[in-house]
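The structure under discussion appears below in the form of structure tokens.
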Amino acid sequence: MTKVIAHSLFTDFDIDLFKAGKHFKLYEKLGAHLTEVNGIKGVYFAVWAPTAHSVSVVGDFNYWTNGEHVLNVRWDSSGIWEGFIPEISKGALYKYKIQSSINGVVTEKADPFALYCEKPPHTASVVWDLEYKWKDENWMQNRKDKNGLDKPYSVYEVHLGSWKRAEHNRFLSYLELADDLVQYVKETGFTHVEFMPVMEYPYDPSWGYQLTGYFAPTSRFGKPQDFMLLVDRLHQEGIGVILDWVPSHFPDDAHGLGYFDGSHLYEHPDRRKGYHPDWKSLVFNYGRNEVRAFLISNAVFWLQNYHVDGLRVDAVASMLYLDYSRKDGEWEANIFGGRENLDSISFLKEFNEVIYSNFDGVQTIAEESTSFPMVSRPTSFGGLGFGMKWMMGWMHDTLEYFQKETVYRKYHQNDLTFSMTYAFTENFMLPFSHDEVVYGKQSLIYKMPGDEWQRFANLRLLYGYMFTHPGTKLLFQGAEFGQTGEWNFEQSLDWHLLQYDFHSGIKKMITDLNQLYKSQPALYEKQFTGDGFEWINYSDHQNAVLSYIRKGNNPDENVIVVCNFTPVVRENYRIGIPKKGKLNEIFNSDAVTYGGSGVGNSKSLKIESISYDGRDFSAELLLPPLSVTVYSLS
């Protein structure tokens, strides 16, 4: 076979940008690229390995023989090795055999920029392309109108390997999911799906959070173009796509990024910054320009080439703090004596600036569990620049409240009302994610107290409260029909439960809540500002009732929400109303069709000129047991 031919896709400007950490389309240069040189078809390879003594491409085309195809190192001290190998075609398997110039150590690595990988447990990279004819022009042109912060944003979180399985516990393919999952999300009315990491990962129990192939959708479910089709089909049905993105850590698998060229190339060399004790994984060196360019290029890659609408950034808190999960003596303060990781803070700001300046109508969402300030505020104001942040405090407080027996709830109403003291300090997303239904935490339905009827009524109440609370929404797969078992990544959800009325009722209610959220501007237009919320009464601890107003741009479209957190029916329950007219019940979580008792206000209610709750007008309501009722004003 012909040896390596000198060839390069890099210009001097590319190299300058790379060294400065400002090249955000590195995937167009590094990696394996099908091309033609002097009329000969083949593959151009380029890999960053600055401490290498030699780099060979080994693969099925040369019987994995070291030294057959040795790449050439560039003269410009960039550390890039490159070359063109003729007669290699799409589908060829390959790795880089790298000998270190420091200590002679030889590593055999998968391509960090591979577009496709062998199906695990195999670990080779695959020569591939990204050719695909997209059919989502309408979505992409109008995405800003669907994906904005003042739009309904209801997210269905999905683990592709366990949402549904085929016969003999086989994974569904991307193509099968493009039929089944897309239709299901459309039917239930969610505005977005969020995929737990789809980038290639070697170890199933990591759920995808230990990545080795940052630029390749996992081959467990099909080819890259198959995943494109799944995204395309979701877009054609008006459904946005968010990907979990993991720039916080990576595994030390032999074929991965760790110790890549015999040196600490991608990971921080100081173990106090370069190793994560919780996940026993390596941490990126955010202060190294080329590593920053690698990560930001990766984010840009998914938005550009896979038409993704948002990135949910995993484990942001672990990136922000030098002492995260570390004991005294296991971390070193920054130059100002503080615990903040200044390099990663700088990286996150730059990441958000690049994404928002280059892509119209996308969102970045931080999974961040601390009180770090201004996570979802623009970098120009000193913030980190994210579009949204998960509201972990609300999630913990709300679940703690709901797990209490109803007779004790009157003593703990502050668990619910406290969220409104900080609800508008960030653009919060309310998450009931996969993390809440694993490791002995039980499913959401089994967190609820009481007999079977009360459990389901409490779950309906929980969801109704969530959908009427300010902020965007996220539910993990199975929550929408009351999955009883804890999530198990090795098997399908318990779809057979939908034959039972209580479970099908939950699904019907989630569908209606999604429709309510989308049809009532008061529930989304001002979901991130204090102007969009007003308490009617938060102090009725004795009855464990909360009442509030959700407001939109048009005052005539405001809605009133009343939550009864006990199984006692409240007759003639009076609440203050801001104006005269009539109240019309537009949602009731106790409806018979949901599995409820059917108590409610069937007719429009007259608003009386009786002062109550500090307002000039009021109305008497019939509050169903363990319920949320929503009313329009007319």
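Ordering of the structure tokens sets the chain letters (A, B, ...), residue numbers begin anew at 1 in every chain, and ligands are numbered from 1 in the order given.
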Set out as a tab-separated table a contact list for region 441-511 of chain A and region 132-152 of chain A with a cut-off of 10 Å, giving each residue of region 441-511 of chain A that qualifies its closest atom pair and distance in Å to one decimal, counting only C-alpha atoms, ordered by chain and rising residue number.
```
residue	atom	partner	partner_atom	distance
A:Gly471	CA	A:Pro152	CA	9.4
A:Thr472	CA	A:Pro152	CA	7.1
A:Lys473	CA	A:Pro152	CA	8.8
```
Could the residues in this selection be saved with N, CA, C and O atoms as a short mmCIF file (atom, residue, chain, number, x, y, z; two decimals), in the first residue's frame?
```cif
data_model
loop_
_atom_site.label_atom_id
_atom_site.label_comp_id
_atom_site.auth_asym_id
_atom_site.auth_seq_id
_atom_site.Cartn_x
_atom_site.Cartn_y
_atom_site.Cartn_z
N GLY A 471 -40.98 29.18 35.74
CA GLY A 471 -39.84 28.43 35.27
C GLY A 471 -40.22 27.42 34.21
O GLY A 471 -41.39 27.06 34.06
N THR A 472 -39.23 26.97 33.46
CA THR A 472 -39.45 25.92 32.47
C THR A 472 -39.48 24.57 33.16
O THR A 472 -39.16 24.46 34.34
N LYS A 473 -39.85 23.51 32.44
CA LYS A 473 -40.12 22.21 33.08
C LYS A 473 -39.29 21.10 32.46
O LYS A 473 -39.00 21.12 31.26
#
```
Residue contacts of region 507-512 of chain A (12 Å, only C-alpha atoms) excluding same-chain residues fewer than 4 positions away, as a ChimeraX atom specification: /A:154-156,184-191,456-457,459-467,473-475,477-483,495,497-503,516-520,586-596,628
Polymer residues at most 9 Å from Tyr573 (chain A), only C-alpha atoms, same-chain spacing of 3 or more positions, as an MDAnalysis selection string: chainID A and resid 570 619:623
Within 7 Å of region 233-251 of chain A, which residues of region 266-345 of chain A come that close, and what is the closest atom pair and distance in Å for each? Count only C-alpha atoms and give it as CSV.
```
residue,atom,partner,partner_atom,distance
A:Ser281,CA,A:Pro251,CA,4.8
A:Leu282,CA,A:Phe250,CA,5.3
A:Val283,CA,A:His249,CA,4.4
A:Phe284,CA,A:His249,CA,6.2
A:Leu295,CA,A:Pro247,CA,6.8
A:Val308,CA,A:Val241,CA,5.6
A:Asp309,CA,A:Val241,CA,5.3
A:Gly310,CA,A:Ile242,CA,4.5
A:Leu311,CA,A:Leu243,CA,5.0
A:Arg312,CA,A:Asp244,CA,4.8
A:Val313,CA,A:Trp245,CA,5.0
A:Asp314,CA,A:Val246,CA,5.3
A:Ala315,CA,A:Ser248,CA,6.4
A:Met319,CA,A:Ser248,CA,6.1
```
Put those residues in a file: C-alpha atoms, as an mmCIF file, in the first residue's frame.
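This is the output file selection16.cif:
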```cif
data_model
loop_
_atom_site.group_PDB
_atom_site.id
_atom_site.type_symbol
_atom_site.label_atom_id
_atom_site.label_comp_id
_atom_site.auth_asym_id
_atom_site.auth_seq_id
_atom_site.Cartn_x
_atom_site.Cartn_y
_atom_site.Cartn_z
ATOM 1 C CA SER A 281 -12.272 10.287 36.124
ATOM 2 C CA LEU A 282 -9.971 12.921 34.660
ATOM 3 C CA VAL A 283 -10.679 16.657 34.515
ATOM 4 C CA PHE A 284 -9.888 18.836 31.509
ATOM 5 C CA LEU A 295 -14.243 21.608 23.907
ATOM 6 C CA VAL A 308 -29.175 20.626 17.939
ATOM 7 C CA ASP A 309 -31.191 23.374 19.662
ATOM 8 C CA GLY A 310 -29.559 23.397 23.067
ATOM 9 C CA LEU A 311 -26.879 21.936 25.313
ATOM 10 C CA ARG A 312 -27.509 20.990 28.917
ATOM 11 C CA VAL A 313 -24.084 21.208 30.542
ATOM 12 C CA ASP A 314 -23.506 18.486 33.096
ATOM 13 C CA ALA A 315 -21.939 18.940 36.552
ATOM 14 C CA MET A 319 -16.140 22.808 37.385
#
```
Contacts of region 390-400 of chain A within 7 Å, only C-alpha atoms, excl. fewer than 3 positions in-chain, as a PyMOL selection string: chain A and resi 366-369+403-404+415-416+419+428-432
Contact residues around region 327-338 of chain A with only C-alpha atoms at 12 Å, ignoring same-chain residues under 2 positions, as number ranges by chain: A: 270-277, 320-325, 340-345
Keeping only C-alpha atoms, take the residues you just selected and write them out as a PDB file, in the first residue's frame.
```
ATOM      1  CA  ASP A 270      -1.939  18.604  38.896  1.00  0.00           C
ATOM      2  CA  ARG A 271      -4.065  15.758  40.273  1.00  0.00           C
ATOM      3  CA  ARG A 272      -5.751  18.190  42.658  1.00  0.00           C
ATOM      4  CA  LYS A 273      -7.290  19.780  39.557  1.00  0.00           C
ATOM      5  CA  GLY A 274      -7.014  16.950  37.061  1.00  0.00           C
ATOM      6  CA  TYR A 275      -8.798  14.088  38.830  1.00  0.00           C
ATOM      7  CA  HIS A 276     -12.402  13.865  39.964  1.00  0.00           C
ATOM      8  CA  PRO A 277     -12.772  11.806  43.160  1.00  0.00           C
ATOM      9  CA  LEU A 320     -16.693  26.024  39.342  1.00  0.00           C
ATOM     10  CA  TYR A 321     -15.081  25.048  42.651  1.00  0.00           C
ATOM     11  CA  LEU A 322     -11.551  23.830  43.286  1.00  0.00           C
ATOM     12  CA  ASP A 323     -12.650  22.130  46.511  1.00  0.00           C
ATOM     13  CA  TYR A 324     -15.659  20.316  45.011  1.00  0.00           C
ATOM     14  CA  SER A 325     -15.825  16.886  46.716  1.00  0.00           C
ATOM     15  CA  GLU A 340     -13.330  29.309  42.576  1.00  0.00           C
ATOM     16  CA  ASN A 341     -11.715  27.645  39.560  1.00  0.00           C
ATOM     17  CA  LEU A 342     -10.849  30.744  37.558  1.00  0.00           C
ATOM     18  CA  ASP A 343      -9.812  28.801  34.447  1.00  0.00           C
ATOM     19  CA  SER A 344     -13.096  26.904  34.182  1.00  0.00           C
ATOM     20  CA  ILE A 345     -15.148  30.026  34.933  1.00  0.00           C
TER      21      ILE A 345
END
```
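For the pair CA of Asn564 (chain A) and CA of Glu157 (chain A), the interatomic distance is 28.1 Å.
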